[in-house]
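A.B. asks: Let me begin by handing over the structure; questions about it come next.
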Amino acid sequence: MSYLRWHVTWWPDLVLAAAGVALSVLASESWAGDRPASGFVVLLIALCTGLPLVFLRHRPVAVALVLAVLLVVFDNAGSGLVDGVQILLPIVVGVVARQRTLPWTALAAVAACLATGVNLADPGIAFTSNYWYYVVGVVLLPVLIGRYLRGAAGRRDRGEEPAPLLDVLFAAGGVAYAVLGTWSYWDGHDLRVGGVGLLAVLAGLALGAIRWLPGSVLLFESALVLLADNLVPPVADTLRVVLFVALAVFASQATWRWLGAGYLLTCGVTLATVIDSTGDVTGLTYGVVATMVVAPAAIGAYVGVRRTAARREEELRAERARSDRLAERERIAREVHDIVAHHVGAIVLRAGAAQYAGAGGPAAEALADIRDTGHQVLDDLRGLLAVLRDPGPDTTLPVADPDEVMRDAAARVTAAGVEVVLDIAPATARAALVARASAARIVQEGLTNVLKHAGEGSRATVSVTADEKELVVEIRNTPGRTPTDLPSSGHGVAGMRERTRALGGRLTAGPLPDGGWRLVATFVLPVEAAAR
């Protein structure tokens, strides 16, 4: 069981680390750089880049600082060797903005900006405003997206409707990335500035509709990548990253069949853009492309599975809460039935006794009518009882003196090792029977919870009081030594709260400063009961 728990908990982290290593290897351009590096150096840098992602979900700030340091340390390693770090660092900063507070986000963002600036500041080259725009923009955009997602999560917890700002951020982030990645190629081609810029802007803007039309956006981005590869090949490299983002979002919403289709489509488009002019495609090329595309598809599929599981869990939790409320109301209805039947039976018996005593004239006719009507009411109640009662064992509160029920509950819990002091005010005898019966059930459930959670050595004080308007049940207990592992007779505090609410009352429960627990249930008494 411990191995299974570790496997379920850590496998997403291992997938992230493997994807980071693969991305660093694939992004490295050491074979085409001006200072080619050995395979050992490429693998070393890739491992240093990807392995810290194991801790991304739990220590995102530390991962961001590690990547920032790596970007500075490997600055002079060679052309293209730190491209993986440059790509992953803004993403990690976005995760920090999503999971951590604003001060931690600012720390990670400043470290990322400084590291990116050091990496771009080559000797003899002036650090112009264009460089500063790139340094700040590449970090600021994921920070904005992460902070928005953090706020959206809080709004969902409060039951608020999500705002469309996320679509605007997707579009703005896509445009900014596409423009920053392609602006150096806007001139010197047949399309000139306007054509290349239009490709970049369209590719970024399309991400604004990715949540609503994921399949259409994936097809659109694929077409743009193929078009850019034919007209301005360097631009296709940047737009391919936008295509991977579209694939990840598509994978988070699509079924497995459509996910396979999207994966094959993206593999085909990527393969078409990496084939050189000779058209020589080897098995290694296919493997590299398949590995490159599988990372966004796997991440998107994982997010989709987690989202579906969370939604189903929320629906199941709501359904359970609804079932608990209905079950509690059903128990209350059965108890009310028993109480009403008890009183009607008493009326019928008294009317029969009065007839037997020799009442005559109009009184005898009235008594006969009362007796016949009472019998009819009892027959109707028996039919209602057959509908309300469960086919299983009957666990409803018997029509007995509620005070006796509470004393019996106190005696049972005392015998189990909890000292119980029960104080029932004489004024409660004048309260409505349905309120007293519900109070008895609260005492039963409350003392069971004391035995279950505090256990032996605890001391419970039960007070039942009533005035003209309310009947109040208060249960206090001190901490115990050994909690008892046993089921409660109802649904815990939630069930007791539903019971009191159904009768127009209220219930509060919470810990005491000494480590104990206090529960107070208040039932509003009807005016007629108060008058009696």
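Naming works like this for the structure tokens: A, B, ... for the chains as they're shown, residue 1 at the start of each chain, ligands 1 onward in shown order.
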Name all residues at most 12 Å from stretch 303-305 of chain A (count only C-alpha atoms; drop same-chain ones fewer than 5 positions away) and give them as a ChimeraX atom specification.
C.D. replies: /A:12,248-256,259,296-298,310-312
A.B. asks: Which residues, written as a PDB file with all heavy atoms, in the first residue's frame, have at least one atom at most 9 Å from A:Leu227, with only C-alpha atoms counted and residues fewer than 6 positions away on the same chain left out?
C.D. replies:
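Dumped to part.pdb:
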```pdb
ATOM      1  N   LEU A 199       1.516  36.800 -39.434  1.00  0.00           N
ATOM      2  CA  LEU A 199       1.547  35.392 -39.035  1.00  0.00           C
ATOM      3  C   LEU A 199       1.705  35.247 -37.521  1.00  0.00           C
ATOM      4  O   LEU A 199       1.015  34.454 -36.875  1.00  0.00           O
ATOM      5  CB  LEU A 199       2.691  34.679 -39.752  1.00  0.00           C
ATOM      6  CG  LEU A 199       2.512  34.321 -41.228  1.00  0.00           C
ATOM      7  CD1 LEU A 199       3.774  33.676 -41.774  1.00  0.00           C
ATOM      8  CD2 LEU A 199       1.318  33.388 -41.412  1.00  0.00           C
ATOM      9  N   PRO A 233      11.099  30.033 -42.873  1.00  0.00           N
ATOM     10  CA  PRO A 233      11.372  28.875 -42.014  1.00  0.00           C
ATOM     11  C   PRO A 233      11.759  29.203 -40.577  1.00  0.00           C
ATOM     12  O   PRO A 233      11.305  28.506 -39.660  1.00  0.00           O
ATOM     13  CB  PRO A 233      12.497  28.146 -42.764  1.00  0.00           C
ATOM     14  CG  PRO A 233      12.293  28.525 -44.195  1.00  0.00           C
ATOM     15  CD  PRO A 233      11.811  29.946 -44.172  1.00  0.00           C
ATOM     16  N   ALA A 236       8.799  29.500 -38.246  1.00  0.00           N
ATOM     17  CA  ALA A 236       8.069  28.270 -37.925  1.00  0.00           C
ATOM     18  C   ALA A 236       8.530  27.665 -36.609  1.00  0.00           C
ATOM     19  O   ALA A 236       7.736  27.020 -35.906  1.00  0.00           O
ATOM     20  CB  ALA A 236       8.222  27.262 -39.062  1.00  0.00           C
TER      21      ALA A 236
END
```
A.B. asks: Contacts of A:Val520 at 9 Å or less, counting only C-alpha atoms, minus same-chain residues fewer than 3 places along, as a PyMOL selection string?
C.D. replies: chain A and resi 472-476+506-509
A.B. asks: Go ahead and write the selection's residues with all heavy atoms as a JSON list (two decimals), in the first residue's frame.
C.D. replies:
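The new file part26.json reads:
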```
[["chain", "number", "residue", "atom", "x", "y", "z"],
["A", 472, "VAL", "N", -33.40, 24.35, 24.40],
["A", 472, "VAL", "CA", -31.97, 24.40, 24.13],
["A", 472, "VAL", "C", -31.30, 23.15, 24.70],
["A", 472, "VAL", "O", -31.52, 22.78, 25.86],
["A", 472, "VAL", "CB", -31.33, 25.67, 24.74],
["A", 472, "VAL", "CG1", -29.83, 25.71, 24.43],
["A", 472, "VAL", "CG2", -32.01, 26.92, 24.21],
["A", 473, "VAL", "N", -30.48, 22.52, 23.87],
["A", 473, "VAL", "CA", -29.67, 21.38, 24.28],
["A", 473, "VAL", "C", -28.21, 21.80, 24.19],
["A", 473, "VAL", "O", -27.75, 22.23, 23.12],
["A", 473, "VAL", "CB", -29.91, 20.14, 23.40],
["A", 473, "VAL", "CG1", -28.99, 19.00, 23.81],
["A", 473, "VAL", "CG2", -31.37, 19.72, 23.46],
["A", 474, "GLU", "N", -27.48, 21.69, 25.28],
["A", 474, "GLU", "CA", -26.06, 22.03, 25.29],
["A", 474, "GLU", "C", -25.27, 20.83, 25.80],
["A", 474, "GLU", "O", -25.59, 20.27, 26.87],
["A", 474, "GLU", "CB", -25.78, 23.25, 26.16],
["A", 474, "GLU", "CG", -24.30, 23.64, 26.17],
["A", 474, "GLU", "CD", -24.03, 24.88, 27.02],
["A", 474, "GLU", "OE1", -24.97, 25.33, 27.72],
["A", 474, "GLU", "OE2", -22.90, 25.37, 26.99],
["A", 475, "ILE", "N", -24.24, 20.44, 25.04],
["A", 475, "ILE", "CA", -23.38, 19.31, 25.42],
["A", 475, "ILE", "C", -21.94, 19.81, 25.42],
["A", 475, "ILE", "O", -21.43, 20.29, 24.41],
["A", 475, "ILE", "CB", -23.53, 18.13, 24.43],
["A", 475, "ILE", "CG1", -24.99, 17.68, 24.35],
["A", 475, "ILE", "CG2", -22.63, 16.97, 24.84],
["A", 475, "ILE", "CD1", -25.23, 16.59, 23.33],
["A", 476, "ARG", "N", -21.28, 19.70, 26.57],
["A", 476, "ARG", "CA", -19.87, 20.06, 26.71],
["A", 476, "ARG", "C", -19.10, 18.83, 27.16],
["A", 476, "ARG", "O", -19.60, 18.04, 27.96],
["A", 476, "ARG", "CB", -19.68, 21.16, 27.76],
["A", 476, "ARG", "CG", -20.17, 22.54, 27.34],
["A", 476, "ARG", "CD", -20.05, 23.50, 28.51],
["A", 476, "ARG", "NE", -20.35, 24.87, 28.16],
["A", 476, "ARG", "CZ", -19.44, 25.79, 27.87],
["A", 476, "ARG", "NH1", -18.16, 25.47, 27.92],
["A", 476, "ARG", "NH2", -19.78, 27.02, 27.56],
["A", 506, "ARG", "N", -31.43, 26.05, 15.13],
["A", 506, "ARG", "CA", -30.05, 26.27, 14.70],
["A", 506, "ARG", "C", -29.13, 25.44, 15.58],
["A", 506, "ARG", "O", -29.49, 25.08, 16.71],
["A", 506, "ARG", "CB", -29.70, 27.74, 14.79],
["A", 506, "ARG", "CG", -29.81, 28.33, 16.19],
["A", 506, "ARG", "CD", -29.63, 29.84, 16.21],
["A", 506, "ARG", "NE", -29.73, 30.39, 17.55],
["A", 506, "ARG", "CZ", -30.86, 30.68, 18.15],
["A", 506, "ARG", "NH1", -32.03, 30.48, 17.53],
["A", 506, "ARG", "NH2", -30.86, 31.19, 19.38],
["A", 507, "LEU", "N", -27.96, 25.14, 15.06],
["A", 507, "LEU", "CA", -26.99, 24.33, 15.80],
["A", 507, "LEU", "C", -25.60, 24.91, 15.58],
["A", 507, "LEU", "O", -25.22, 25.25, 14.46],
["A", 507, "LEU", "CB", -27.04, 22.87, 15.33],
["A", 507, "LEU", "CG", -26.10, 21.89, 16.07],
["A", 507, "LEU", "CD1", -26.81, 20.56, 16.31],
["A", 507, "LEU", "CD2", -24.82, 21.66, 15.28],
["A", 508, "THR", "N", -24.84, 25.01, 16.65],
["A", 508, "THR", "CA", -23.45, 25.45, 16.59],
["A", 508, "THR", "C", -22.58, 24.42, 17.29],
["A", 508, "THR", "O", -23.00, 23.82, 18.29],
["A", 508, "THR", "CB", -23.26, 26.83, 17.24],
["A", 508, "THR", "OG1", -23.69, 26.77, 18.62],
["A", 508, "THR", "CG2", -24.07, 27.89, 16.52],
["A", 509, "ALA", "N", -21.38, 24.22, 16.77],
["A", 509, "ALA", "CA", -20.46, 23.26, 17.37],
["A", 509, "ALA", "C", -19.05, 23.74, 17.12],
["A", 509, "ALA", "O", -18.75, 24.29, 16.05],
["A", 509, "ALA", "CB", -20.67, 21.86, 16.79]]
```
A.B. asks: Mind checking which residues fall within 10 Å of A:Leu265, counting only C-alpha atoms, ignoring those fewer than 6 positions away in the same chain, and posting them as a list of chain:residue names?
C.D. replies: A:Leu218, A:Leu219, A:Ser222, A:Leu247, A:Leu259, A:Leu271
A.B. asks: Counting only C-alpha atoms, which of A:Ile210, A:Ala290, A:Leu141, A:Ala176 gets nearest to A:Gly197?
C.D. replies: A:Ala176
A.B. asks: In Å to one decimal, how far is atom CA of A:Val69 from atom CA of A:Arg240?
C.D. replies: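 Computed distance, atom CA of A:Arg240 to atom CA of A:Val69, equals 27.6 Å.
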A.B. asks: Residues within 8 Å of A:Thr49, please, as a list in words. Count only C-alpha atoms; anything in the same chain fewer than 2 positions from it doesn't count.
C.D. replies: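 Result of the neighbour search: Gly20, Val21, Ser24, Ile45, Ala46, Leu47, Leu51, Pro52, Leu53, Leu67, Leu70, Gly84 and Val85 of chain A.
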A.B. asks: Take the residues from that selection and write them out as an mmCIF file, in the first residue's frame, keeping C-alpha atoms.
C.D. replies:
```
data_model
loop_
_atom_site.group_PDB
_atom_site.id
_atom_site.type_symbol
_atom_site.label_atom_id
_atom_site.label_comp_id
_atom_site.auth_asym_id
_atom_site.auth_seq_id
_atom_site.Cartn_x
_atom_site.Cartn_y
_atom_site.Cartn_z
ATOM 1 C CA GLY A 20 12.175 18.783 -18.726
ATOM 2 C CA VAL A 21 15.205 16.651 -19.585
ATOM 3 C CA SER A 24 16.448 20.538 -22.762
ATOM 4 C CA ILE A 45 23.071 20.330 -18.708
ATOM 5 C CA ALA A 46 19.814 18.584 -19.628
ATOM 6 C CA LEU A 47 19.827 16.589 -16.367
ATOM 7 C CA LEU A 51 15.641 16.942 -12.636
ATOM 8 C CA PRO A 52 14.727 19.925 -10.375
ATOM 9 C CA LEU A 53 11.209 19.757 -11.861
ATOM 10 C CA LEU A 67 17.034 27.357 -12.826
ATOM 11 C CA LEU A 70 21.862 27.383 -13.878
ATOM 12 C CA GLY A 84 15.858 24.562 -22.320
ATOM 13 C CA VAL A 85 16.531 26.620 -19.193
#
```
A.B. asks: Could you list, as a list in words, every residue within 10 Å of A:Val139, counting only C-alpha atoms and ignoring same-chain residues fewer than 3 positions away?
C.D. replies: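 Counting only the stated atoms, we get Leu89, Pro90, Ile91, Val92, Val93, Gly94, Ala108, Ala109, Val110, Ala111, Ala112, Cys113, Thr116, Tyr134, Val135, Val136, Pro142, Val143 and Leu144 of chain A.
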A.B. asks: Could you write out the selected residues, including N, CA and C atoms, as an mmCIF file, in the first residue's frame?
C.D. replies:
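Contents of the output file again13.cif:
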```
data_model
loop_
_atom_site.group_PDB
_atom_site.id
_atom_site.type_symbol
_atom_site.label_atom_id
_atom_site.label_comp_id
_atom_site.auth_asym_id
_atom_site.auth_seq_id
_atom_site.Cartn_x
_atom_site.Cartn_y
_atom_site.Cartn_z
ATOM 1 N N LEU A 89 12.345 28.355 -17.344
ATOM 2 C CA LEU A 89 12.369 29.317 -16.243
ATOM 3 C C LEU A 89 11.101 30.184 -16.188
ATOM 4 N N PRO A 90 10.635 30.805 -17.289
ATOM 5 C CA PRO A 90 9.378 31.571 -17.207
ATOM 6 C C PRO A 90 8.176 30.699 -16.828
ATOM 7 N N ILE A 91 8.162 29.454 -17.300
ATOM 8 C CA ILE A 91 7.053 28.564 -16.943
ATOM 9 C C ILE A 91 7.044 28.306 -15.439
ATOM 10 N N VAL A 92 8.202 28.043 -14.866
ATOM 11 C CA VAL A 92 8.290 27.794 -13.424
ATOM 12 C C VAL A 92 7.889 29.039 -12.639
ATOM 13 N N VAL A 93 8.294 30.221 -13.119
ATOM 14 C CA VAL A 93 7.875 31.461 -12.447
ATOM 15 C C VAL A 93 6.354 31.599 -12.481
ATOM 16 N N GLY A 94 5.724 31.197 -13.585
ATOM 17 C CA GLY A 94 4.262 31.202 -13.648
ATOM 18 C C GLY A 94 3.651 30.263 -12.627
ATOM 19 N N ALA A 108 10.946 35.250 -7.183
ATOM 20 C CA ALA A 108 11.233 34.372 -8.318
ATOM 21 C C ALA A 108 11.313 35.166 -9.623
ATOM 22 N N ALA A 109 10.425 36.160 -9.800
ATOM 23 C CA ALA A 109 10.420 36.951 -11.035
ATOM 24 C C ALA A 109 11.689 37.792 -11.158
ATOM 25 N N VAL A 110 12.128 38.416 -10.071
ATOM 26 C CA VAL A 110 13.349 39.230 -10.113
ATOM 27 C C VAL A 110 14.560 38.350 -10.429
ATOM 28 N N ALA A 111 14.634 37.182 -9.782
ATOM 29 C CA ALA A 111 15.753 36.272 -10.056
ATOM 30 C C ALA A 111 15.751 35.828 -11.516
ATOM 31 N N ALA A 112 14.559 35.547 -12.073
ATOM 32 C CA ALA A 112 14.474 35.134 -13.477
ATOM 33 C C ALA A 112 14.879 36.264 -14.414
ATOM 34 N N CYS A 113 14.451 37.481 -14.120
ATOM 35 C CA CYS A 113 14.826 38.630 -14.965
ATOM 36 C C CYS A 113 16.329 38.866 -14.943
ATOM 37 N N THR A 116 18.072 36.051 -16.891
ATOM 38 C CA THR A 116 17.876 36.205 -18.333
ATOM 39 C C THR A 116 18.695 37.366 -18.877
ATOM 40 N N TYR A 134 12.461 42.332 -23.865
ATOM 41 C CA TYR A 134 12.405 40.875 -23.916
ATOM 42 C C TYR A 134 12.565 40.279 -22.513
ATOM 43 N N VAL A 135 13.548 40.770 -21.748
ATOM 44 C CA VAL A 135 13.850 40.224 -20.424
ATOM 45 C C VAL A 135 12.634 40.345 -19.502
ATOM 46 N N VAL A 136 12.039 41.539 -19.458
ATOM 47 C CA VAL A 136 10.899 41.762 -18.565
ATOM 48 C C VAL A 136 9.643 41.077 -19.103
ATOM 49 N N PRO A 142 4.020 35.160 -17.850
ATOM 50 C CA PRO A 142 3.613 34.017 -17.025
ATOM 51 C C PRO A 142 3.227 34.404 -15.606
ATOM 52 N N VAL A 143 3.822 35.471 -15.081
ATOM 53 C CA VAL A 143 3.426 35.941 -13.747
ATOM 54 C C VAL A 143 1.967 36.406 -13.759
ATOM 55 N N LEU A 144 1.593 37.172 -14.769
ATOM 56 C CA LEU A 144 0.205 37.638 -14.869
ATOM 57 C C LEU A 144 -0.761 36.471 -15.012
#
```
A.B. asks: Residues of stretch 30-110 of chain A in helix (DSSP H, G or I) according to DSSP, as a ChimeraX atom specification?
C.D. replies: /A:39-55,60-73,83-99,102-110
A.B. asks: Rounded to one decimal in Å, what is the spacing between atom CA of A:Gly505 and atom CA of A:Ser458?
C.D. replies: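 Going from atom CA of A:Gly505 over to atom CA of A:Ser458, I get 28.1 Å.
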A.B. asks: Counting only C-alpha atoms, which residue out of A:Val196, A:Val289, A:Val25, A:Ala64 sits closest to A:Phe40?
C.D. replies: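 For A:Phe40, the nearest of the candidates is A:Val25.
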A.B. asks: Atom CA of A:Gly204 and atom CA of A:Val235 are how many Å apart?
C.D. replies: 12.9 Å
A.B. asks: Of the candidates A:Val175, A:Ala318, A:Ala440, A:Leu56, which shows the shortest atom-to-atom distance to A:Ala206, using only C-alpha atoms?
C.D. replies: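 Selected residue with least distance to A:Ala206: A:Val175.
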